[in-house]
Structures are given as C-alpha cells and as structure tokens.
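K.L.:
Got a structure for you, start.txt, holding compact mmCIF, N, CA and C atoms and all ligand atoms.
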```txt
# COMPACT_ATOMS: atom_id res chain seq x y z
N MET T 1 -5.84 -4.80 21.93
CA MET T 1 -6.40 -5.36 20.69
C MET T 1 -5.30 -5.96 19.83
N GLY T 2 -5.60 -7.07 19.20
CA GLY T 2 -4.62 -7.72 18.34
C GLY T 2 -4.33 -6.87 17.11
N THR T 3 -3.20 -7.10 16.53
CA THR T 3 -2.85 -6.37 15.32
C THR T 3 -3.13 -7.23 14.11
N LYS T 4 -3.79 -8.35 14.33
CA LYS T 4 -3.91 -9.32 13.25
C LYS T 4 -5.23 -9.23 12.48
N SER T 5 -6.07 -8.25 12.85
CA SER T 5 -7.34 -8.14 12.15
C SER T 5 -7.09 -7.99 10.66
N LYS T 6 -7.70 -8.88 9.91
CA LYS T 6 -7.46 -8.96 8.47
C LYS T 6 -8.02 -7.74 7.74
N LEU T 7 -7.28 -7.30 6.77
CA LEU T 7 -7.76 -6.24 5.89
C LEU T 7 -8.56 -6.85 4.75
N THR T 8 -9.59 -6.16 4.31
CA THR T 8 -10.25 -6.59 3.08
C THR T 8 -9.53 -5.92 1.90
N ALA T 9 -9.81 -6.41 0.71
CA ALA T 9 -9.15 -5.86 -0.47
C ALA T 9 -9.46 -4.37 -0.62
N SER T 10 -10.69 -3.98 -0.33
CA SER T 10 -10.99 -2.56 -0.54
C SER T 10 -10.36 -1.71 0.56
N GLU T 11 -10.28 -2.23 1.77
CA GLU T 11 -9.58 -1.50 2.82
C GLU T 11 -8.11 -1.30 2.45
N ALA T 12 -7.52 -2.35 1.86
CA ALA T 12 -6.12 -2.25 1.44
C ALA T 12 -5.96 -1.14 0.40
N GLY T 13 -6.91 -1.04 -0.52
CA GLY T 13 -6.86 0.01 -1.54
C GLY T 13 -6.89 1.39 -0.91
N TYR T 14 -7.70 1.56 0.11
CA TYR T 14 -7.79 2.86 0.78
C TYR T 14 -6.50 3.18 1.52
N LEU T 15 -5.95 2.18 2.17
CA LEU T 15 -4.70 2.42 2.90
C LEU T 15 -3.61 2.91 1.96
N LYS T 16 -3.51 2.26 0.80
CA LYS T 16 -2.51 2.68 -0.18
C LYS T 16 -2.76 4.11 -0.62
N LEU T 17 -4.01 4.42 -0.92
CA LEU T 17 -4.34 5.77 -1.37
C LEU T 17 -4.00 6.80 -0.29
N ILE T 18 -4.41 6.52 0.93
CA ILE T 18 -4.16 7.48 2.01
C ILE T 18 -2.66 7.66 2.21
N TYR T 19 -1.93 6.56 2.16
CA TYR T 19 -0.48 6.66 2.34
C TYR T 19 0.16 7.53 1.26
N ARG T 20 -0.23 7.26 0.01
CA ARG T 20 0.37 8.03 -1.09
C ARG T 20 0.08 9.51 -0.93
N VAL T 21 -1.17 9.83 -0.61
CA VAL T 21 -1.52 11.25 -0.51
C VAL T 21 -0.86 11.88 0.72
N GLN T 22 -0.93 11.18 1.84
CA GLN T 22 -0.48 11.77 3.09
C GLN T 22 1.04 11.80 3.22
N GLU T 23 1.69 10.68 2.92
CA GLU T 23 3.13 10.60 3.18
C GLU T 23 3.96 11.04 1.97
N GLU T 24 3.43 10.87 0.79
CA GLU T 24 4.26 11.13 -0.38
C GLU T 24 3.88 12.42 -1.09
N GLU T 25 2.71 12.93 -0.81
CA GLU T 25 2.33 14.21 -1.42
C GLU T 25 1.97 15.23 -0.36
N SER T 26 2.13 14.88 0.89
CA SER T 26 1.74 15.68 2.05
C SER T 26 0.40 16.38 1.89
N GLY T 27 -0.54 15.68 1.33
CA GLY T 27 -1.88 16.23 1.21
C GLY T 27 -2.76 15.60 2.26
N LYS T 28 -4.04 15.94 2.24
CA LYS T 28 -4.96 15.26 3.14
C LYS T 28 -6.03 14.57 2.32
N VAL T 29 -6.57 13.53 2.89
CA VAL T 29 -7.57 12.74 2.17
C VAL T 29 -8.94 13.01 2.77
N GLY T 30 -9.80 13.61 1.99
CA GLY T 30 -11.18 13.80 2.43
C GLY T 30 -12.05 12.71 1.86
N THR T 31 -13.20 12.56 2.44
CA THR T 31 -14.13 11.52 1.99
C THR T 31 -14.51 11.72 0.52
N THR T 32 -14.72 12.97 0.14
CA THR T 32 -15.15 13.25 -1.23
C THR T 32 -14.06 12.90 -2.23
N ALA T 33 -12.82 13.28 -1.90
CA ALA T 33 -11.71 12.98 -2.81
C ALA T 33 -11.52 11.48 -2.93
N ALA T 34 -11.63 10.77 -1.83
CA ALA T 34 -11.47 9.32 -1.86
C ALA T 34 -12.59 8.69 -2.67
N ALA T 35 -13.79 9.20 -2.51
CA ALA T 35 -14.93 8.66 -3.27
C ALA T 35 -14.69 8.84 -4.77
N ARG T 36 -14.15 9.97 -5.12
CA ARG T 36 -13.87 10.24 -6.53
C ARG T 36 -12.80 9.27 -7.03
N ALA T 37 -11.74 9.09 -6.25
CA ALA T 37 -10.65 8.22 -6.67
C ALA T 37 -11.12 6.78 -6.90
N PHE T 38 -12.07 6.33 -6.11
CA PHE T 38 -12.51 4.94 -6.23
C PHE T 38 -13.80 4.80 -7.01
N GLY T 39 -14.38 5.90 -7.43
CA GLY T 39 -15.64 5.84 -8.15
C GLY T 39 -16.77 5.25 -7.32
N VAL T 40 -16.79 5.56 -6.05
CA VAL T 40 -17.88 5.08 -5.19
C VAL T 40 -18.54 6.27 -4.50
N ARG T 41 -19.62 5.99 -3.78
CA ARG T 41 -20.32 7.08 -3.10
C ARG T 41 -19.62 7.41 -1.77
N PRO T 42 -19.70 8.68 -1.35
CA PRO T 42 -19.06 9.06 -0.08
C PRO T 42 -19.50 8.18 1.09
N ALA T 43 -20.74 7.71 1.07
CA ALA T 43 -21.21 6.85 2.16
C ALA T 43 -20.39 5.56 2.24
N THR T 44 -20.04 5.05 1.06
CA THR T 44 -19.22 3.83 1.01
C THR T 44 -17.84 4.09 1.60
N VAL T 45 -17.28 5.23 1.26
CA VAL T 45 -15.97 5.60 1.78
C VAL T 45 -16.04 5.71 3.31
N ALA T 46 -17.06 6.39 3.79
CA ALA T 46 -17.20 6.59 5.23
C ALA T 46 -17.24 5.25 5.95
N GLU T 47 -17.93 4.30 5.33
CA GLU T 47 -18.03 2.96 5.90
C GLU T 47 -16.67 2.27 6.00
N VAL T 48 -15.92 2.31 4.90
CA VAL T 48 -14.60 1.68 4.91
C VAL T 48 -13.69 2.37 5.94
N LEU T 49 -13.77 3.69 5.99
CA LEU T 49 -12.93 4.43 6.94
C LEU T 49 -13.29 4.07 8.38
N ARG T 50 -14.58 3.85 8.63
CA ARG T 50 -14.98 3.42 9.97
C ARG T 50 -14.33 2.09 10.33
N ASN T 51 -14.34 1.17 9.35
CA ASN T 51 -13.73 -0.14 9.61
C ASN T 51 -12.23 -0.02 9.84
N LEU T 52 -11.58 0.82 9.05
CA LEU T 52 -10.14 1.00 9.23
C LEU T 52 -9.85 1.62 10.60
N ALA T 53 -10.72 2.52 11.02
CA ALA T 53 -10.54 3.15 12.33
C ALA T 53 -10.72 2.11 13.44
N ARG T 54 -11.69 1.21 13.25
CA ARG T 54 -11.90 0.16 14.24
C ARG T 54 -10.70 -0.75 14.34
N LYS T 55 -10.01 -0.95 13.22
CA LYS T 55 -8.81 -1.78 13.23
C LYS T 55 -7.58 -0.98 13.64
N ASN T 56 -7.84 0.27 14.05
CA ASN T 56 -6.75 1.12 14.54
C ASN T 56 -5.70 1.44 13.48
N LEU T 57 -6.14 1.54 12.23
CA LEU T 57 -5.20 1.85 11.15
C LEU T 57 -5.29 3.30 10.71
N VAL T 58 -6.45 3.91 10.89
CA VAL T 58 -6.58 5.34 10.62
C VAL T 58 -7.27 6.03 11.79
N ARG T 59 -7.02 7.30 11.89
CA ARG T 59 -7.70 8.17 12.84
C ARG T 59 -8.46 9.18 12.03
N ARG T 60 -9.67 9.50 12.47
CA ARG T 60 -10.40 10.53 11.73
C ARG T 60 -10.25 11.85 12.47
N ARG T 61 -9.89 12.87 11.72
CA ARG T 61 -9.69 14.18 12.30
C ARG T 61 -10.74 15.12 11.75
N PRO T 62 -11.52 15.73 12.66
CA PRO T 62 -12.53 16.67 12.17
C PRO T 62 -11.88 17.74 11.29
N TYR T 63 -12.46 18.00 10.14
CA TYR T 63 -12.00 19.02 9.18
C TYR T 63 -10.65 18.71 8.55
N ARG T 64 -10.03 17.62 8.91
CA ARG T 64 -8.70 17.36 8.34
C ARG T 64 -8.66 16.03 7.60
N GLY T 65 -9.81 15.42 7.40
CA GLY T 65 -9.80 14.14 6.71
C GLY T 65 -9.29 13.06 7.63
N VAL T 66 -8.68 12.05 7.05
CA VAL T 66 -8.18 10.95 7.87
C VAL T 66 -6.67 10.95 7.89
N GLU T 67 -6.15 10.27 8.87
CA GLU T 67 -4.73 10.22 9.09
C GLU T 67 -4.38 8.78 9.42
N LEU T 68 -3.28 8.27 8.89
CA LEU T 68 -2.87 6.91 9.22
C LEU T 68 -2.28 6.89 10.63
N THR T 69 -2.55 5.85 11.37
CA THR T 69 -1.86 5.63 12.64
C THR T 69 -0.50 4.99 12.31
N PRO T 70 0.43 4.94 13.26
CA PRO T 70 1.72 4.27 12.98
C PRO T 70 1.51 2.85 12.45
N GLN T 71 0.52 2.18 13.00
CA GLN T 71 0.21 0.83 12.53
C GLN T 71 -0.30 0.85 11.09
N GLY T 72 -1.09 1.88 10.77
CA GLY T 72 -1.60 2.03 9.41
C GLY T 72 -0.48 2.31 8.42
N VAL T 73 0.49 3.12 8.85
CA VAL T 73 1.65 3.41 8.00
C VAL T 73 2.40 2.12 7.71
N ALA T 74 2.64 1.31 8.74
CA ALA T 74 3.37 0.05 8.55
C ALA T 74 2.63 -0.87 7.59
N GLU T 75 1.33 -0.94 7.75
CA GLU T 75 0.50 -1.80 6.91
C GLU T 75 0.54 -1.31 5.44
N ALA T 76 0.42 0.00 5.26
CA ALA T 76 0.44 0.59 3.92
C ALA T 76 1.79 0.34 3.25
N ARG T 77 2.87 0.44 4.02
CA ARG T 77 4.20 0.22 3.44
C ARG T 77 4.36 -1.22 2.97
N LYS T 78 3.81 -2.15 3.73
CA LYS T 78 3.87 -3.55 3.32
C LYS T 78 3.16 -3.74 1.99
N LEU T 79 1.99 -3.11 1.86
CA LEU T 79 1.23 -3.23 0.62
C LEU T 79 1.98 -2.58 -0.54
N LEU T 80 2.54 -1.40 -0.28
CA LEU T 80 3.22 -0.69 -1.36
C LEU T 80 4.52 -1.40 -1.74
N ARG T 81 5.13 -2.08 -0.79
CA ARG T 81 6.31 -2.89 -1.14
C ARG T 81 5.90 -3.96 -2.16
N LYS T 82 4.80 -4.64 -1.88
CA LYS T 82 4.32 -5.67 -2.80
C LYS T 82 4.00 -5.06 -4.16
N HIS T 83 3.27 -3.95 -4.11
CA HIS T 83 2.87 -3.27 -5.34
C HIS T 83 4.08 -2.92 -6.20
N ARG T 84 5.08 -2.35 -5.58
CA ARG T 84 6.22 -1.84 -6.34
C ARG T 84 7.16 -2.95 -6.79
N ILE T 85 7.28 -4.01 -6.00
CA ILE T 85 8.09 -5.16 -6.44
C ILE T 85 7.43 -5.79 -7.67
N LEU T 86 6.11 -5.87 -7.65
CA LEU T 86 5.41 -6.41 -8.82
C LEU T 86 5.66 -5.54 -10.04
N GLU T 87 5.65 -4.23 -9.85
CA GLU T 87 5.91 -3.32 -10.97
C GLU T 87 7.30 -3.57 -11.56
N VAL T 88 8.29 -3.76 -10.67
CA VAL T 88 9.64 -4.04 -11.14
C VAL T 88 9.64 -5.28 -12.03
N LEU T 89 8.94 -6.32 -11.57
CA LEU T 89 8.86 -7.56 -12.32
C LEU T 89 8.17 -7.35 -13.67
N PHE T 90 7.05 -6.67 -13.65
CA PHE T 90 6.27 -6.50 -14.88
C PHE T 90 7.00 -5.66 -15.92
N VAL T 91 7.70 -4.64 -15.47
CA VAL T 91 8.41 -3.78 -16.41
C VAL T 91 9.71 -4.46 -16.85
N GLY T 92 10.48 -4.95 -15.86
CA GLY T 92 11.80 -5.50 -16.15
C GLY T 92 11.75 -6.81 -16.92
N LEU T 93 10.87 -7.70 -16.51
CA LEU T 93 10.86 -9.02 -17.12
C LEU T 93 9.86 -9.11 -18.26
N LEU T 94 8.70 -8.50 -18.08
CA LEU T 94 7.64 -8.67 -19.08
C LEU T 94 7.56 -7.51 -20.06
N GLY T 95 8.29 -6.43 -19.78
CA GLY T 95 8.30 -5.32 -20.71
C GLY T 95 7.04 -4.49 -20.75
N LEU T 96 6.25 -4.55 -19.70
CA LEU T 96 5.06 -3.69 -19.66
C LEU T 96 5.48 -2.23 -19.47
N SER T 97 4.63 -1.30 -19.89
CA SER T 97 4.89 0.10 -19.60
C SER T 97 4.65 0.32 -18.10
N PRO T 98 5.31 1.32 -17.52
CA PRO T 98 5.08 1.58 -16.10
C PRO T 98 3.60 1.78 -15.77
N GLU T 99 2.85 2.38 -16.68
CA GLU T 99 1.43 2.62 -16.41
C GLU T 99 0.66 1.31 -16.33
N SER T 100 0.86 0.42 -17.29
CA SER T 100 0.10 -0.83 -17.19
C SER T 100 0.64 -1.71 -16.08
N ALA T 101 1.95 -1.62 -15.80
CA ALA T 101 2.49 -2.38 -14.67
C ALA T 101 1.80 -1.94 -13.38
N CYS T 102 1.60 -0.64 -13.24
CA CYS T 102 0.97 -0.10 -12.03
C CYS T 102 -0.48 -0.60 -11.95
N GLU T 103 -1.15 -0.57 -13.09
CA GLU T 103 -2.54 -1.00 -13.10
C GLU T 103 -2.67 -2.47 -12.72
N GLU T 104 -1.81 -3.32 -13.33
CA GLU T 104 -1.86 -4.74 -13.03
C GLU T 104 -1.47 -5.01 -11.58
N ALA T 105 -0.45 -4.31 -11.12
CA ALA T 105 0.02 -4.51 -9.74
C ALA T 105 -1.09 -4.14 -8.75
N SER T 106 -1.87 -3.12 -9.08
CA SER T 106 -2.96 -2.71 -8.18
C SER T 106 -3.99 -3.81 -8.00
N LYS T 107 -4.15 -4.63 -9.05
CA LYS T 107 -5.14 -5.71 -8.95
C LYS T 107 -4.62 -6.87 -8.13
N LEU T 108 -3.28 -6.99 -8.04
CA LEU T 108 -2.69 -8.18 -7.44
C LEU T 108 -2.05 -7.99 -6.08
N ASP T 109 -1.54 -6.79 -5.81
CA ASP T 109 -0.66 -6.63 -4.65
C ASP T 109 -1.26 -7.16 -3.35
N TYR T 110 -2.56 -6.94 -3.18
CA TYR T 110 -3.20 -7.38 -1.94
C TYR T 110 -3.16 -8.90 -1.78
N TYR T 111 -3.16 -9.61 -2.89
CA TYR T 111 -3.31 -11.07 -2.85
C TYR T 111 -2.01 -11.86 -2.75
N VAL T 112 -0.88 -11.26 -3.15
CA VAL T 112 0.35 -12.04 -3.18
C VAL T 112 0.98 -12.13 -1.79
N SER T 113 1.67 -13.23 -1.54
CA SER T 113 2.26 -13.45 -0.22
C SER T 113 3.59 -12.71 -0.10
N GLU T 114 3.99 -12.46 1.15
CA GLU T 114 5.30 -11.83 1.36
C GLU T 114 6.42 -12.73 0.87
N GLU T 115 6.23 -14.05 0.95
CA GLU T 115 7.26 -14.98 0.49
C GLU T 115 7.51 -14.82 -1.00
N LEU T 116 6.42 -14.73 -1.77
CA LEU T 116 6.58 -14.57 -3.21
C LEU T 116 7.26 -13.24 -3.53
N ILE T 117 6.81 -12.19 -2.84
CA ILE T 117 7.40 -10.87 -3.08
C ILE T 117 8.90 -10.88 -2.75
N ASN T 118 9.27 -11.53 -1.64
CA ASN T 118 10.68 -11.58 -1.28
C ASN T 118 11.49 -12.39 -2.29
N ALA T 119 10.88 -13.42 -2.85
CA ALA T 119 11.58 -14.20 -3.87
C ALA T 119 11.83 -13.34 -5.11
N ILE T 120 10.84 -12.55 -5.50
CA ILE T 120 11.02 -11.66 -6.65
C ILE T 120 12.08 -10.60 -6.31
N CYS T 121 12.00 -10.09 -5.08
CA CYS T 121 12.95 -9.06 -4.63
C CYS T 121 14.38 -9.59 -4.74
N ARG T 122 14.59 -10.81 -4.23
CA ARG T 122 15.93 -11.40 -4.29
C ARG T 122 16.40 -11.58 -5.72
N SER T 123 15.51 -12.11 -6.56
CA SER T 123 15.94 -12.38 -7.93
C SER T 123 16.13 -11.10 -8.72
N SER T 124 15.58 -9.98 -8.23
CA SER T 124 15.81 -8.69 -8.89
C SER T 124 16.90 -7.90 -8.18
N ASN T 125 17.65 -8.56 -7.29
CA ASN T 125 18.73 -7.89 -6.56
C ASN T 125 18.28 -6.78 -5.63
N HIS T 126 17.17 -6.99 -4.96
CA HIS T 126 16.67 -6.04 -3.97
C HIS T 126 16.59 -4.61 -4.50
N PRO T 127 15.73 -4.37 -5.47
CA PRO T 127 15.62 -3.02 -6.04
C PRO T 127 15.21 -2.00 -4.98
N LYS T 128 15.72 -0.79 -5.12
CA LYS T 128 15.43 0.27 -4.14
C LYS T 128 14.26 1.14 -4.57
N THR T 129 14.00 1.19 -5.87
CA THR T 129 12.89 2.01 -6.34
C THR T 129 12.10 1.26 -7.40
N CYS T 130 10.84 1.66 -7.58
CA CYS T 130 9.99 1.05 -8.59
C CYS T 130 10.20 1.78 -9.92
N PRO T 131 9.57 1.29 -11.00
CA PRO T 131 9.80 1.93 -12.30
C PRO T 131 9.41 3.41 -12.34
N CYS T 132 8.54 3.85 -11.43
CA CYS T 132 8.22 5.28 -11.43
C CYS T 132 8.98 6.01 -10.32
N GLU T 133 10.05 5.36 -9.86
CA GLU T 133 10.96 6.00 -8.93
C GLU T 133 10.45 6.27 -7.52
N LYS T 134 9.42 5.53 -7.15
CA LYS T 134 8.97 5.59 -5.76
C LYS T 134 9.80 4.57 -4.98
N VAL T 135 10.00 4.87 -3.69
CA VAL T 135 10.85 4.01 -2.89
C VAL T 135 10.18 2.65 -2.65
N ILE T 136 10.98 1.59 -2.71
CA ILE T 136 10.50 0.26 -2.34
C ILE T 136 10.94 -0.01 -0.91
N PHE T 137 9.99 -0.16 -0.01
CA PHE T 137 10.32 -0.35 1.39
C PHE T 137 10.96 -1.72 1.57
N GLU T 138 11.97 -1.77 2.42
CA GLU T 138 12.67 -3.03 2.62
C GLU T 138 11.92 -3.93 3.59
N ASP T 139 12.03 -5.21 3.37
CA ASP T 139 11.59 -6.18 4.34
C ASP T 139 12.86 -6.74 4.97
N PRO T 140 13.06 -6.51 6.27
CA PRO T 140 14.30 -6.95 6.91
C PRO T 140 14.56 -8.44 6.68
N ALA T 141 13.49 -9.21 6.52
CA ALA T 141 13.66 -10.65 6.31
C ALA T 141 14.25 -10.94 4.93
N CYS T 142 14.18 -9.97 4.04
CA CYS T 142 14.67 -10.18 2.67
C CYS T 142 15.88 -9.32 2.38
N CYS T 143 15.73 -8.02 2.59
CA CYS T 143 16.76 -7.08 2.19
C CYS T 143 17.68 -6.71 3.35
N GLY T 144 17.30 -7.09 4.57
CA GLY T 144 18.09 -6.70 5.73
C GLY T 144 19.39 -7.47 5.82
N ALA T 145 20.11 -7.27 6.91
CA ALA T 145 21.42 -7.87 7.10
C ALA T 145 21.40 -9.37 6.79
N GLY T 146 20.36 -10.06 7.30
CA GLY T 146 20.29 -11.50 7.10
C GLY T 146 20.10 -11.88 5.64
N GLY T 147 19.29 -11.13 4.92
CA GLY T 147 18.95 -11.51 3.56
C GLY T 147 19.91 -10.99 2.51
N LYS T 148 20.75 -10.03 2.91
CA LYS T 148 21.61 -9.35 1.95
C LYS T 148 22.79 -10.18 1.49
N LYS T 149 23.15 -11.16 2.31
CA LYS T 149 24.30 -12.00 1.95
C LYS T 149 24.17 -12.50 0.53
N LYS T 150 25.25 -12.41 -0.19
CA LYS T 150 25.13 -12.81 -1.57
C LYS T 150 25.46 -14.30 -1.76
ZN ZN T 201 2.06 1.76 -9.04
ZN ZN T 202 14.85 -7.75 -0.85
```
What does the file become when written as structure tokens?
P.N.:
Amino acid sequence: MGTKSKLTASEAGYLKLIYRVQEEESGKVGTTAAARAFGVRPATVAEVLRNLARKNLVRRRPYRGVELTPQGVAEARKLLRKHRILEVLFVGLLGLSPESACEEASKLDYYVSEELINAICRSSNHPKTCPCEKVIFEDPACCGAGGKKK
C-alpha cells in the first residue's frame, strides 16, 4: 500500500492528540477520552480511528485504546513540527501568549506547507523547542547537515 494516502484535517488532529498522549505522556488514548477532547460523539471517534487504521497510521488494541504505527509516529511528528514552528513564530514575532499561539497553530498546522515551515525554521535559526518547551522535530531538508550551513 502507498504511504501517500492523504490525511483529512480531523484525522490530523487525532494523530497529534494520540502522539501527545502516547509518546509524551505515556498514556493511552481511549475512544471516550478522545471524544471528550474533541467534543464529538464516541461513534465519530471510532469512525476516524477506522480510517486512520485503514491508512496504516494507527493500530487498535483491544482494551488498550489505539497505538500509532511507526508510520503514524512519523506523520504525527511532521504535524507537530509544523505546529511548534508556528508557535515559535507567533510568540517570538507577534508576541502572542503561548496559549493563544498554540490555539492559532492548531487551526493552521495541517494546512501549511513544509516549504513555508522550513523557511520560518531557517529564519528563526532552527529552534529546538517550542514556547512551551516541547521538542521541535527536525526536518533533515532544513535542519540537517545540508540545511545547517550558515
Ligand atoms: Zn501547541
Ligand atoms: Zn530548520
């Protein structure tokens, strides 16, 4: 199966949530908790999770909620890189509070291109963490050996 199946905006939101809970808080994500986080019904969550599973981004584990596949982790990191680079821009350049920066970034991260994010990354000197001190994942095309040259 191709790895190019497009994510929808709401699927992207779930991937970010699952990544944060699973990788950064070592918790598990149940359907009910996810429904609460998004203010939707559990049936809606189940539907999105089914789609993510079809795209091979999550695995569903009986009694353990869902788990990201390695591909899902990679996809979530790409999204969170965008999210956190935007936060750096909003706080550093526009003076937003970290909370509103996070809120605004959540509305935009899915839509911005990697090119734009890398341009912001370069002009901010490849920040390592976002305003709330979460790690900003590197894009080798930007922050790696090739892009690091000053
Ligand atoms: Zn945030
Ligand atoms: Zn960079």
K.L.:
From the list T:Val88, T:Leu17, T:Val73, T:Leu79, which residue is nearest T:Pro131 when using only N, CA and C atoms?
P.N.:
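Closest residue, counting only N, CA and C atoms: T:Val88.
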K.L.:
In stretch 37-95 of chain T, what's strand (DSSP E) per DSSP? Answer as a ChimeraX atom specification?
P.N.:
/T:58-61,65-68
K.L.:
Export N, CA and C atoms of the chosen residues as a PDB file, keeping the file's coordinate frame?
P.N.:
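What follows is the written file again-v3.pdb:
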```pdb
ATOM      1  N   VAL T  58      -6.450   3.910  10.890  1.00  0.00           N
ATOM      2  CA  VAL T  58      -6.580   5.340  10.620  1.00  0.00           C
ATOM      3  C   VAL T  58      -7.270   6.030  11.790  1.00  0.00           C
ATOM      4  N   ARG T  59      -7.020   7.300  11.890  1.00  0.00           N
ATOM      5  CA  ARG T  59      -7.700   8.170  12.840  1.00  0.00           C
ATOM      6  C   ARG T  59      -8.460   9.180  12.030  1.00  0.00           C
ATOM      7  N   ARG T  60      -9.670   9.500  12.470  1.00  0.00           N
ATOM      8  CA  ARG T  60     -10.400  10.530  11.730  1.00  0.00           C
ATOM      9  C   ARG T  60     -10.250  11.850  12.470  1.00  0.00           C
ATOM     10  N   ARG T  61      -9.890  12.870  11.720  1.00  0.00           N
ATOM     11  CA  ARG T  61      -9.690  14.180  12.300  1.00  0.00           C
ATOM     12  C   ARG T  61     -10.740  15.120  11.750  1.00  0.00           C
ATOM     13  N   GLY T  65      -9.810  15.420   7.400  1.00  0.00           N
ATOM     14  CA  GLY T  65      -9.800  14.140   6.710  1.00  0.00           C
ATOM     15  C   GLY T  65      -9.290  13.060   7.630  1.00  0.00           C
ATOM     16  N   VAL T  66      -8.680  12.050   7.050  1.00  0.00           N
ATOM     17  CA  VAL T  66      -8.180  10.950   7.870  1.00  0.00           C
ATOM     18  C   VAL T  66      -6.670  10.950   7.890  1.00  0.00           C
ATOM     19  N   GLU T  67      -6.150  10.270   8.870  1.00  0.00           N
ATOM     20  CA  GLU T  67      -4.730  10.220   9.090  1.00  0.00           C
ATOM     21  C   GLU T  67      -4.380   8.780   9.420  1.00  0.00           C
ATOM     22  N   LEU T  68      -3.280   8.270   8.890  1.00  0.00           N
ATOM     23  CA  LEU T  68      -2.870   6.910   9.220  1.00  0.00           C
ATOM     24  C   LEU T  68      -2.280   6.890  10.630  1.00  0.00           C
TER      25      LEU T  68
END
```
K.L.:
Could you tell me, as a VMD selection string, which residues of chain T DSSP assigns to helix (DSSP H, G or I) when given the backbone?
P.N.:
chain T and resid 9 to 24 31 to 38 42 to 54 70 to 92 98 to 108 114 to 123 145 to 148
K.L.:
Per residue of stretch 48-134 of chain T within 7 Å of stretch 19-29 of chain T, record the nearest atom pair and its distance in Å to one decimal, counting only C-alpha atoms, with rows in chain order and ascending residue number, as a tab-separated table.
P.N.:
```
residue	atom	partner	partner_atom	distance
T:Arg64	CA	T:Lys28	CA	6.7
T:Gly65	CA	T:Val29	CA	5.2
T:Val66	CA	T:Val29	CA	6.0
T:Val73	CA	T:Tyr19	CA	6.9
T:Ala76	CA	T:Tyr19	CA	6.3
```
K.L.:
Report, in Å with one decimal, the straight-line distance from atom CA of T:Ala12 to atom CA of T:Tyr110.
P.N.:
6.8 Å
K.L.:
Let me see if you get this right: every residue at most 8 Å from ligand ZN 202 (chain T), counting only C-alpha atoms and all ligand atoms, written as a PDB file with N, CA and C atoms, in the frame of the given file.
P.N.:
```pdb
ATOM      1  N   ASN T 118       9.270 -11.530  -1.640  1.00  0.00           N
ATOM      2  CA  ASN T 118      10.680 -11.580  -1.280  1.00  0.00           C
ATOM      3  C   ASN T 118      11.490 -12.390  -2.290  1.00  0.00           C
ATOM      4  N   ALA T 119      10.880 -13.420  -2.850  1.00  0.00           N
ATOM      5  CA  ALA T 119      11.580 -14.200  -3.870  1.00  0.00           C
ATOM      6  C   ALA T 119      11.830 -13.340  -5.110  1.00  0.00           C
ATOM      7  N   ILE T 120      10.840 -12.550  -5.500  1.00  0.00           N
ATOM      8  CA  ILE T 120      11.020 -11.660  -6.650  1.00  0.00           C
ATOM      9  C   ILE T 120      12.080 -10.600  -6.310  1.00  0.00           C
ATOM     10  N   CYS T 121      12.000 -10.090  -5.080  1.00  0.00           N
ATOM     11  CA  CYS T 121      12.950  -9.060  -4.630  1.00  0.00           C
ATOM     12  C   CYS T 121      14.380  -9.590  -4.740  1.00  0.00           C
ATOM     13  N   ARG T 122      14.590 -10.810  -4.230  1.00  0.00           N
ATOM     14  CA  ARG T 122      15.930 -11.400  -4.290  1.00  0.00           C
ATOM     15  C   ARG T 122      16.400 -11.580  -5.720  1.00  0.00           C
ATOM     16  N   ASN T 125      17.650  -8.560  -7.290  1.00  0.00           N
ATOM     17  CA  ASN T 125      18.730  -7.890  -6.560  1.00  0.00           C
ATOM     18  C   ASN T 125      18.280  -6.780  -5.630  1.00  0.00           C
ATOM     19  N   HIS T 126      17.170  -6.990  -4.960  1.00  0.00           N
ATOM     20  CA  HIS T 126      16.670  -6.040  -3.970  1.00  0.00           C
ATOM     21  C   HIS T 126      16.590  -4.610  -4.500  1.00  0.00           C
ATOM     22  N   PRO T 127      15.730  -4.370  -5.470  1.00  0.00           N
ATOM     23  CA  PRO T 127      15.620  -3.020  -6.040  1.00  0.00           C
ATOM     24  C   PRO T 127      15.210  -2.000  -4.980  1.00  0.00           C
ATOM     25  N   GLU T 138      11.970  -1.770   2.420  1.00  0.00           N
ATOM     26  CA  GLU T 138      12.670  -3.030   2.620  1.00  0.00           C
ATOM     27  C   GLU T 138      11.920  -3.930   3.590  1.00  0.00           C
ATOM     28  N   ASP T 139      12.030  -5.210   3.370  1.00  0.00           N
ATOM     29  CA  ASP T 139      11.590  -6.180   4.340  1.00  0.00           C
ATOM     30  C   ASP T 139      12.860  -6.740   4.970  1.00  0.00           C
ATOM     31  N   PRO T 140      13.060  -6.510   6.270  1.00  0.00           N
ATOM     32  CA  PRO T 140      14.300  -6.950   6.910  1.00  0.00           C
ATOM     33  C   PRO T 140      14.560  -8.440   6.680  1.00  0.00           C
ATOM     34  N   ALA T 141      13.490  -9.210   6.520  1.00  0.00           N
ATOM     35  CA  ALA T 141      13.660 -10.650   6.310  1.00  0.00           C
ATOM     36  C   ALA T 141      14.250 -10.940   4.930  1.00  0.00           C
ATOM     37  N   CYS T 142      14.180  -9.970   4.040  1.00  0.00           N
ATOM     38  CA  CYS T 142      14.670 -10.180   2.670  1.00  0.00           C
ATOM     39  C   CYS T 142      15.880  -9.320   2.380  1.00  0.00           C
ATOM     40  N   CYS T 143      15.730  -8.020   2.590  1.00  0.00           N
ATOM     41  CA  CYS T 143      16.760  -7.080   2.190  1.00  0.00           C
ATOM     42  C   CYS T 143      17.680  -6.710   3.350  1.00  0.00           C
ATOM     43  N   GLY T 144      17.300  -7.090   4.570  1.00  0.00           N
ATOM     44  CA  GLY T 144      18.090  -6.700   5.730  1.00  0.00           C
ATOM     45  C   GLY T 144      19.390  -7.470   5.820  1.00  0.00           C
ATOM     46  N   GLY T 147      19.290 -11.130   4.920  1.00  0.00           N
ATOM     47  CA  GLY T 147      18.950 -11.510   3.560  1.00  0.00           C
ATOM     48  C   GLY T 147      19.910 -10.990   2.510  1.00  0.00           C
ATOM     49  N   LYS T 148      20.750 -10.030   2.910  1.00  0.00           N
ATOM     50  CA  LYS T 148      21.610  -9.350   1.950  1.00  0.00           C
ATOM     51  C   LYS T 148      22.790 -10.180   1.490  1.00  0.00           C
TER      52      LYS T 148
END
```
K.L.:
From the options T:Leu7, T:Arg81, T:Thr69, T:Ile18, which residue's atoms come nearest to T:Phe137, counting only N, CA and C atoms?
P.N.:
T:Arg81
K.L.:
So, with all atoms listed in the file as the atoms that count, which of T:Lys6, T:His83, T:Lys128, T:Lys55 lies closest to ligand ZN 201 (chain T)?
P.N.:
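For ligand ZN 201 (chain T), the nearest of the candidates is T:His83.
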